[in-house]
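Asks: I have a structure I would like to understand better, so I am pasting it below and will then ask my questions one at a time.
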Amino acid sequence: MVVENLAKVEKNICAACQRSGRKREEVTLIAVSKTKPVSMIEELLPGGTRDFGENKVQELCDKYEQLPKDIRWHMIGHLQRNKVKYVVDKACLIHSVDSLRLAETISAEGVKKGITVPVLIEVNVAGEESKFGAAPEETEDLIREIAKLPSIAVKGLMTIAPYVENSEDNRGYFASLKKLCVDIKNKNIDNVSMDILSMGMTGDYEVAIEEGATMVRVGTGIFGERDYTI
Ligand SMILES: *Cc1c(COP(=O)(O)O)cnc(C)c1O
């Protein structure tokens, strides 16, 4: 089932790329495996899938230990400062940096471990009360402060768009995140590259690709509904 679902998502991604005149290689599909067993991840490995997303440090670390080391683990969930030390050398990219304090902790752990940690800045593009993320208007200043820190490198932006019935309702948010990304890239801030735009989930990844996403995070569309009661 998982392999078939992935094939459907892959087909949709190709179609969205074609509609928007983009190359398939410009978009990385992250299979969001949170709450799902290692056995489901293993089903996707023979087909070549290597990018997986997790939103909890403990779960990411457990799966990291059990699965092949060539898997690229993406930390996509809210990150507490006291858990940073466990994840900085296991995640290939932390998508959810939204404060200078968190960035300082990541930087300090990077220094300790002798690595540079690539991160995205999470932006609350719709200004939803319930969501984490920097406000769009404070994002550039936050990036300028983070850029001064050692052992952390800002690679782009991430957003979790509102939950909507009709994915078209999020098109404007995706377009405005793309614009913010380009605007900041054009400032040529030292140590900041802004080449990654992580946006789009099961309900809206095709629209996100049409608006410039370079990473889409798809969970339900590949692994099925999540059961949080177990
Ligand atoms: C769970 C999650 C996803 C995947 O959501 P689906 O709607 O199941 O595709 C994507 N991004 C983040 C940050 C998530 O927490």
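Each chain in the structure tokens gets a letter, A, B and so on, in the order shown; residues start at 1 in every chain, and ligands are counted from 1 in the order they appear.
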Show me which residues are within 6 Å of ligand 1 counting only C-alpha atoms and all ligand atoms, and format the list as number ranges by chain.

Replies: A: 32, 55, 76-77, 201-202, 217-221

Asks: So which residues touch A:Ser99 within 10 Å, counting only C-alpha atoms, skipping near sequence neighbours fewer than 6 positions away, as an MDAnalysis selection string?

Replies: chainID A and resid 121:122 132:134 139 142:143 145:146

Asks: So that I can check the surroundings of A:Val87, please list as an MDAnalysis selection string every protein, DNA and RNA residue that reaches within 10 Å of it, counting only C-alpha atoms and ignoring chain neighbours fewer than 5 positions away.

Replies: chainID A and resid 56:58 60:61 64 73:75 79 92:94 106 109

Asks: Enumerate as a list of chain:residue names all residues of stretch 117-204 of chain A assigned to alpha helix (DSSP H) by DSSP on the backbone, naming them with the chain letters and numbers the document uses.

Replies: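 Answer for stretch 117-204 of chain A restricted to alpha helix (DSSP H) is A:Pro136, A:Glu137, A:Glu138, A:Thr139, A:Glu140, A:Asp141, A:Leu142, A:Ile143, A:Arg144, A:Glu145, A:Ile146, A:Arg171, A:Gly172, A:Tyr173, A:Phe174, A:Ala175, A:Ser176, A:Leu177, A:Lys178, A:Lys179, A:Leu180, A:Cys181, A:Val182, A:Asp183, A:Ile184, A:Lys185.
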
Asks: Considering only C-alpha atoms, state which residue in the set A:Gln80, A:Phe223, A:Met215, A:Tyr228 is at the smallest distance from A:Ala7.

Replies: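 Closest to A:Ala7 of all the choices is A:Phe223.
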
Asks: Measuring between only C-alpha atoms, which one of A:Asp89, A:Glu137, A:Asp98, A:Glu25 shows the shortest distance to A:Ala213?

Replies: A:Glu25

Asks: To one decimal place, how far is atom CA of A:Glu138 from atom CA of A:Val207 in Å?

Replies: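 According to the coordinates, atom CA of A:Glu138 and atom CA of A:Val207 are separated by 25.4 Å.
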